[in-house]
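Source file final-v2.cif; content: mmCIF, C-alpha atoms.
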```cif
data_coords
loop_
_atom_site.label_atom_id
_atom_site.label_comp_id
_atom_site.auth_asym_id
_atom_site.auth_seq_id
_atom_site.Cartn_x
_atom_site.Cartn_y
_atom_site.Cartn_z
CA MET A 1 0.00 0.00 0.00
CA GLN A 2 1.27 3.41 -0.98
CA SER A 3 1.21 6.09 1.74
CA ILE A 4 -0.26 9.52 0.99
CA GLU A 5 3.24 11.09 1.04
CA GLU A 6 4.54 8.46 -1.38
CA GLY A 7 1.64 9.21 -3.69
CA ILE A 8 2.19 12.96 -3.55
CA GLU A 9 5.93 12.54 -4.13
CA LYS A 10 5.34 10.40 -7.20
CA LYS A 11 2.65 12.66 -8.65
CA LEU A 12 4.63 15.84 -8.06
CA ARG A 13 7.70 14.18 -9.60
CA SER A 14 5.82 13.09 -12.73
CA ILE A 15 4.03 16.43 -13.09
CA SER A 16 7.26 18.43 -12.67
CA TYR A 17 9.04 16.21 -15.14
CA ARG A 18 6.38 16.78 -17.78
CA ILE A 19 6.25 20.53 -17.15
CA ARG A 20 10.05 20.68 -17.39
CA CYS A 21 10.04 18.80 -20.71
CA SER A 22 7.37 21.12 -22.10
CA GLY A 23 9.39 24.20 -21.12
CA ARG A 24 12.57 22.81 -22.58
CA GLU A 25 10.94 22.35 -25.99
CA VAL A 26 11.59 26.06 -26.39
CA LEU A 27 15.34 25.37 -26.32
CA ARG A 28 15.11 23.84 -29.79
CA ASP A 29 14.74 27.40 -31.09
CA PHE A 30 18.01 28.46 -29.46
CA PRO A 31 21.56 27.25 -30.03
CA ILE A 32 21.84 26.06 -26.43
CA THR A 33 22.37 22.54 -25.07
CA PRO A 34 20.59 21.16 -21.95
CA ALA A 35 23.87 21.26 -19.99
CA GLN A 36 24.38 24.91 -20.93
CA PHE A 37 20.78 25.71 -20.04
CA ASP A 38 21.28 24.21 -16.56
CA VAL A 39 24.10 26.66 -15.92
CA LEU A 40 22.05 29.57 -17.25
CA GLN A 41 19.12 28.65 -15.04
CA TYR A 42 21.34 28.30 -11.98
CA ILE A 43 22.74 31.81 -12.46
CA TYR A 44 19.34 33.31 -13.31
CA PHE A 45 17.76 32.02 -10.12
CA SER A 46 20.63 32.31 -7.70
CA GLY A 47 22.50 35.36 -8.97
CA ASP A 48 26.07 36.13 -10.05
CA LYS A 49 28.52 33.31 -9.47
CA ARG A 50 32.22 32.52 -9.47
CA MET A 51 33.55 29.68 -11.64
CA THR A 52 34.09 27.64 -8.45
CA ASP A 53 30.40 27.98 -7.51
CA VAL A 54 29.30 26.68 -10.92
CA SER A 55 31.84 23.88 -10.72
CA ASN A 56 30.62 22.86 -7.23
CA TYR A 57 26.99 23.12 -8.26
CA LEU A 58 27.44 20.81 -11.25
CA GLY A 59 30.00 18.58 -9.57
CA ILE A 60 32.32 18.79 -12.55
CA THR A 61 35.97 19.86 -12.69
CA LYS A 62 37.00 23.50 -12.86
CA SER A 63 38.42 23.04 -16.37
CA THR A 64 35.27 21.38 -17.76
CA THR A 65 33.25 24.20 -16.16
CA THR A 66 35.48 26.85 -17.72
CA GLY A 67 34.91 25.36 -21.18
CA LEU A 68 31.15 25.04 -20.63
CA VAL A 69 30.80 28.62 -19.36
CA GLN A 70 33.03 29.95 -22.15
CA ARG A 71 30.73 28.47 -24.80
CA ILE A 72 27.70 30.14 -23.17
CA VAL A 73 29.61 33.43 -23.06
CA GLU A 74 30.31 33.06 -26.79
CA LEU A 75 26.59 32.51 -27.39
CA GLY A 76 26.01 35.83 -25.61
CA TYR A 77 23.88 34.44 -22.77
CA LEU A 78 26.45 34.89 -20.00
CA LYS A 79 29.21 37.40 -19.46
CA LYS A 80 32.35 37.31 -17.36
CA ASP A 81 33.37 40.35 -15.33
CA LYS A 82 36.63 40.68 -13.43
CA SER A 83 35.97 40.26 -9.73
CA ASN A 84 36.44 43.41 -7.62
CA ARG A 85 37.75 41.44 -4.70
CA ASP A 86 40.14 39.24 -6.62
CA ARG A 87 41.31 40.58 -9.99
CA ARG A 88 42.51 37.14 -11.03
CA SER A 89 39.03 35.64 -10.88
CA TYR A 90 35.76 36.27 -12.71
CA ILE A 91 32.16 36.84 -11.74
CA ILE A 92 29.75 35.15 -14.13
CA LYS A 93 26.58 37.08 -14.89
CA ILE A 94 23.55 36.45 -17.05
CA THR A 95 22.96 38.83 -19.98
CA ASN A 96 19.62 40.15 -21.20
CA SER A 97 19.50 37.55 -23.99
CA GLY A 98 20.22 34.88 -21.38
CA LYS A 99 17.31 36.15 -19.29
CA ARG A 100 15.06 36.10 -22.34
CA ILE A 101 15.62 32.37 -22.86
CA ILE A 102 14.67 31.61 -19.27
CA GLN A 103 11.58 33.78 -19.60
CA LYS A 104 10.58 32.01 -22.83
CA VAL A 105 10.91 28.65 -21.07
CA ILE A 106 8.79 29.88 -18.16
CA GLU A 107 6.14 31.23 -20.57
CA LYS A 108 6.00 27.84 -22.26
CA ARG A 109 5.57 26.11 -18.89
CA VAL A 110 2.76 28.51 -17.95
CA GLU A 111 1.04 27.85 -21.28
CA TYR A 112 1.35 24.09 -20.72
CA ILE A 113 -0.19 24.38 -17.25
CA LYS A 114 -2.96 26.57 -18.64
CA GLY A 115 -3.83 23.81 -21.12
CA ILE A 116 -4.20 21.38 -18.23
CA ILE A 117 -6.09 23.45 -15.68
CA GLU A 118 -8.61 24.50 -18.34
CA LYS A 119 -9.82 20.90 -18.14
CA ILE A 120 -10.21 20.98 -14.34
CA GLN A 121 -13.16 22.63 -12.52
CA THR A 122 -12.36 26.22 -11.52
CA ASP A 123 -13.01 25.64 -7.82
CA LYS A 124 -10.60 22.71 -7.80
CA VAL A 125 -7.92 24.75 -9.55
CA GLU A 126 -8.32 27.46 -6.92
CA LYS A 127 -8.17 24.88 -4.18
CA LEU A 128 -4.97 23.43 -5.71
CA SER A 129 -3.41 26.88 -5.91
CA GLY A 130 -4.31 27.57 -2.28
CA ILE A 131 -2.98 24.28 -0.95
CA LEU A 132 0.25 24.70 -2.94
CA SER A 133 0.67 28.13 -1.32
CA GLU A 134 0.26 26.59 2.10
CA PHE A 135 2.71 23.81 1.16
CA LEU A 136 5.27 26.37 0.01
CA ASP A 137 4.80 28.53 3.13
CA ILE A 138 5.65 25.56 5.31
CA ILE A 139 8.76 24.82 3.20
CA GLN A 140 9.89 28.42 3.46
CA LYS A 141 9.51 28.44 7.25
CA LYS A 142 11.60 25.26 7.57
CA MET B 143 -1.56 40.79 -11.83
CA GLN B 144 -0.45 37.17 -11.83
CA SER B 145 -2.77 34.70 -13.56
CA ILE B 146 -3.75 31.48 -11.80
CA GLU B 147 -1.55 29.43 -14.20
CA GLU B 148 1.41 31.71 -13.55
CA GLY B 149 0.90 31.25 -9.83
CA ILE B 150 0.65 27.47 -10.10
CA GLU B 151 3.74 27.33 -12.35
CA LYS B 152 5.79 29.34 -9.87
CA LYS B 153 4.61 27.41 -6.83
CA LEU B 154 5.14 24.02 -8.45
CA ARG B 155 8.59 25.14 -9.61
CA SER B 156 9.63 26.30 -6.13
CA ILE B 157 8.17 23.23 -4.42
CA SER B 158 9.85 20.83 -6.86
CA TYR B 159 13.14 22.63 -6.48
CA ARG B 160 13.05 22.28 -2.70
CA ILE B 161 11.99 18.64 -2.86
CA ARG B 162 14.80 17.94 -5.34
CA CYS B 163 17.38 19.61 -3.08
CA SER B 164 16.17 17.62 -0.10
CA GLY B 165 16.47 14.34 -2.03
CA ARG B 166 19.92 15.17 -3.29
CA GLU B 167 21.23 15.66 0.24
CA VAL B 168 21.45 11.87 0.28
CA LEU B 169 24.12 12.04 -2.43
CA ARG B 170 26.60 13.39 0.12
CA ASP B 171 26.76 9.85 1.49
CA PHE B 172 27.78 8.44 -1.89
CA PRO B 173 30.83 9.10 -4.05
CA ILE B 174 28.66 10.44 -6.89
CA THR B 175 28.56 13.93 -8.42
CA PRO B 176 25.31 15.72 -9.44
CA ALA B 177 26.23 15.28 -13.14
CA GLN B 178 26.75 11.55 -12.63
CA PHE B 179 23.49 11.31 -10.69
CA ASP B 180 21.61 12.93 -13.60
CA VAL B 181 22.79 10.15 -15.89
CA LEU B 182 21.88 7.48 -13.36
CA GLN B 183 18.42 8.93 -12.92
CA TYR B 184 17.89 9.15 -16.67
CA ILE B 185 18.71 5.46 -17.12
CA TYR B 186 16.73 4.39 -14.04
CA PHE B 187 13.54 6.08 -15.27
CA SER B 188 13.82 5.52 -18.99
CA GLY B 189 15.60 2.19 -19.25
CA ASP B 190 18.75 0.86 -20.93
CA LYS B 191 20.46 3.34 -23.20
CA ARG B 192 23.16 3.61 -25.85
CA MET B 193 26.01 6.10 -25.40
CA THR B 194 24.43 8.24 -28.15
CA ASP B 195 21.14 8.48 -26.23
CA VAL B 196 22.94 9.70 -23.10
CA SER B 197 24.97 12.14 -25.16
CA ASN B 198 21.82 13.53 -26.84
CA TYR B 199 19.96 13.71 -23.55
CA LEU B 200 22.68 15.74 -21.86
CA GLY B 201 23.59 17.71 -24.97
CA ILE B 202 27.28 17.01 -24.48
CA THR B 203 29.77 15.42 -26.89
CA LYS B 204 30.12 11.68 -27.28
CA SER B 205 33.64 11.73 -25.80
CA THR B 206 32.62 13.73 -22.70
CA THR B 207 29.71 11.32 -22.27
CA THR B 208 31.99 8.29 -22.57
CA GLY B 209 34.22 9.65 -19.79
CA LEU B 210 31.25 10.51 -17.58
CA VAL B 211 29.62 7.09 -18.04
CA GLN B 212 32.95 5.30 -17.55
CA ARG B 213 33.40 6.92 -14.12
CA ILE B 214 29.90 5.80 -13.08
CA VAL B 215 30.70 2.28 -14.31
CA GLU B 216 33.87 2.34 -12.17
CA LEU B 217 31.75 3.35 -9.16
CA GLY B 218 29.64 0.26 -9.83
CA TYR B 219 26.36 2.08 -10.44
CA LEU B 220 26.16 1.46 -14.18
CA LYS B 221 27.37 -1.39 -16.36
CA LYS B 222 28.11 -1.60 -20.06
CA ASP B 223 26.99 -4.63 -22.05
CA LYS B 224 27.89 -5.28 -25.67
CA SER B 225 24.89 -4.58 -27.85
CA ASN B 226 23.32 -7.63 -29.51
CA ARG B 227 22.46 -5.67 -32.62
CA ASP B 228 25.79 -3.94 -33.04
CA ARG B 229 28.77 -5.63 -31.39
CA ARG B 230 30.84 -2.44 -31.67
CA SER B 231 28.48 -0.47 -29.43
CA TYR B 232 27.39 -0.75 -25.81
CA ILE B 233 24.12 -0.78 -23.96
CA ILE B 234 24.32 1.08 -20.66
CA LYS B 235 22.37 -0.43 -17.78
CA ILE B 236 21.85 0.48 -14.15
CA THR B 237 23.16 -1.97 -11.53
CA ASN B 238 21.49 -2.88 -8.25
CA SER B 239 23.71 -0.45 -6.33
CA GLY B 240 22.77 2.24 -8.83
CA LYS B 241 19.09 1.52 -8.21
CA ARG B 242 19.66 1.69 -4.46
CA ILE B 243 20.94 5.29 -4.70
CA ILE B 244 17.86 6.38 -6.65
CA GLN B 245 15.63 4.65 -4.12
CA LYS B 246 17.44 6.35 -1.22
CA VAL B 247 16.89 9.72 -2.88
CA ILE B 248 13.19 8.98 -3.39
CA GLU B 249 12.85 7.87 0.25
CA LYS B 250 14.41 11.15 1.37
CA ARG B 251 11.98 13.11 -0.82
CA VAL B 252 9.02 11.19 0.62
CA GLU B 253 10.24 11.89 4.15
CA TYR B 254 10.60 15.60 3.32
CA ILE B 255 7.03 15.72 1.96
CA LYS B 256 5.78 13.86 5.02
CA GLY B 257 7.29 16.58 7.23
CA ILE B 258 5.34 19.20 5.29
CA ILE B 259 1.95 17.55 4.93
CA GLU B 260 1.92 16.72 8.63
CA LYS B 261 1.42 20.44 9.16
CA ILE B 262 -1.52 20.63 6.74
CA GLN B 263 -5.08 19.53 7.62
CA THR B 264 -5.74 15.94 6.54
CA ASP B 265 -8.70 16.80 4.35
CA LYS B 266 -6.62 19.37 2.46
CA VAL B 267 -3.82 16.87 1.93
CA GLU B 268 -6.31 14.39 0.51
CA LYS B 269 -7.77 17.10 -1.70
CA LEU B 270 -4.27 17.99 -2.93
CA SER B 271 -3.51 14.36 -3.68
CA GLY B 272 -6.79 14.00 -5.59
CA ILE B 273 -6.33 17.15 -7.66
CA LEU B 274 -2.74 16.17 -8.48
CA SER B 275 -4.06 12.81 -9.74
CA GLU B 276 -6.52 14.59 -11.97
CA PHE B 277 -3.78 16.94 -13.17
CA LEU B 278 -1.55 13.98 -14.02
CA ASP B 279 -4.36 12.09 -15.77
CA ILE B 280 -4.88 15.05 -18.09
CA ILE B 281 -1.14 15.22 -18.82
CA GLN B 282 -1.03 11.51 -19.60
CA LYS B 283 -3.96 11.78 -22.01
CA LYS B 284 -2.29 14.66 -23.90
#
```
Can you turn what I pasted into structure tokens?
Amino acid sequence: MQSIEEGIEKKLRSISYRIRCSGREVLRDFPITPAQFDVLQYIYFSGDKRMTDVSNYLGITKSTTTGLVQRIVELGYLKKDKSNRDRRSYIIKITNSGKRIIQKVIEKRVEYIKGIIEKIQTDKVEKLSGILSEFLDIIQKK
Amino acid sequence: MQSIEEGIEKKLRSISYRIRCSGREVLRDFPITPAQFDVLQYIYFSGDKRMTDVSNYLGITKSTTTGLVQRIVELGYLKKDKSNRDRRSYIIKITNSGKRIIQKVIEKRVEYIKGIIEKIQTDKVEKLSGILSEFLDIIQKK
């Protein structure tokens, strides 16, 4: 017998996976690979980063990270600024075109969700939204 | 003003992110990097794969993929079998210890969710579970 938490975990996992895939369809229109997009997303949501942060986040070597980031810089989605604290190192920032890709992906996800909730009764959708808020509030207080 | 679908997208995204982080805490107990775990997870959920599939999935070159997979094979979480169709290529499979890591991560996620829903009224949790089922049914019929 599956417990309620096991059921919720599985459903949330499947739903998130499908929403993620739908969003990533947008990437076909851009010259960016999934691995590059992961880096972009990380910097978009958690702010400017040093090469070491990216390397730790991905769990790949510093040299592989440098190559990966460099290719995204060449695409114009990230930029490297000399660090003020340590002139030998760089701060990696997202550019406006980098932000636009993330926003396009989010728009696609929203559109996908819209297509689903249109098929669910309005009061249930509102209930879902409310319970998710409560769920998130508890997470944020943790 | 945020639309209901925008709100649900954002909440689901934040919730999934936090659940994912909680699950991945388990990885500290294993000698596996996040990039290696991504490959493991991909093969666990979508079955045996060729090197080309992994390479396409990650959007990285065939040689980077070969190195990445080889390290996971050395850790004992994946194994490479000669393909029956093409003796020059390999089929990559997950081993029992590989499966155990994924299961540990899922257990951790379930435990994390349990800690949250315990703080929500039972009838709301059941409602959430029911609406998520409906949501997933619609996705699967798409």
Answer as a list in words, residues within 10 Å of (-1.5, 22.1, -4.1) using all atoms listed in the file:
Ile8, Leu12, Lys124, Val125, Glu126, Lys127, Leu128, Ser129, Gly130, Ile131, Leu132, Ser133, Glu134, Phe135 and Leu136 of chain A; Ile150, Lys153, Leu154, Ile157, Lys266, Val267, Lys269, Leu270, Ser271, Gly272, Ile273 and Leu274 of chain B
Convert the output of the PyMOL selection byres ((chain B) within 6 of (chain A)) on the shown file into explicit residues, formatted as number ranges by chain. B: 147-148, 150-151, 175-177, 200-201, 252, 256, 271
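Picked by the PyMOL selection byres ((chain B and resi 228-237) around 9) from the coordinates shown: Leu182, Ile185, Tyr186, Gly189, Asp190, Lys191, Arg192, Met193, Val211, Gly218, Tyr219, Leu220, Lys221, Lys222, Asp223, Lys224, Ser225, Asn226, Arg227, Asn238, Ser239, Gly240, Lys241 and Arg242 of chain B.
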May I have the residues from that selection written out with C-alpha atoms, as a compact mmCIF listing (two decimals), keeping the file's coordinate frame?
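Output (again-v1.txt):
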```txt
# COMPACT_ATOMS: atom_id res chain seq x y z
CA LEU B 182 21.88 7.48 -13.36
CA ILE B 185 18.71 5.46 -17.12
CA TYR B 186 16.73 4.39 -14.04
CA GLY B 189 15.60 2.19 -19.25
CA ASP B 190 18.75 0.86 -20.93
CA LYS B 191 20.46 3.34 -23.20
CA ARG B 192 23.16 3.61 -25.85
CA MET B 193 26.01 6.10 -25.40
CA VAL B 211 29.62 7.09 -18.04
CA GLY B 218 29.64 0.26 -9.83
CA TYR B 219 26.36 2.08 -10.44
CA LEU B 220 26.16 1.46 -14.18
CA LYS B 221 27.37 -1.39 -16.36
CA LYS B 222 28.11 -1.60 -20.06
CA ASP B 223 26.99 -4.63 -22.05
CA LYS B 224 27.89 -5.28 -25.67
CA SER B 225 24.89 -4.58 -27.85
CA ASN B 226 23.32 -7.63 -29.51
CA ARG B 227 22.46 -5.67 -32.62
CA ASN B 238 21.49 -2.88 -8.25
CA SER B 239 23.71 -0.45 -6.33
CA GLY B 240 22.77 2.24 -8.83
CA LYS B 241 19.09 1.52 -8.21
CA ARG B 242 19.66 1.69 -4.46
```
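Taking CA of Val105 (chain A) and CA of Arg28 (chain A) as the two end points, the separation is 10.8 Å.
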CA of Thr52 (chain A) sits from CA of Gln70 (chain A) at a separation of 13.9 Å
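Once Val168 (chain B) and its same-chain neighbours fewer than 4 positions away are set aside, Ser164, Phe172, Ile243, Lys246, Val247 and Lys250 of chain B remain within 9 Å of it when counting all atoms listed in the file.
When CA of Thr208 (chain B) is paired with CA of Val196 (chain B), their separation reads 9.2 Å.
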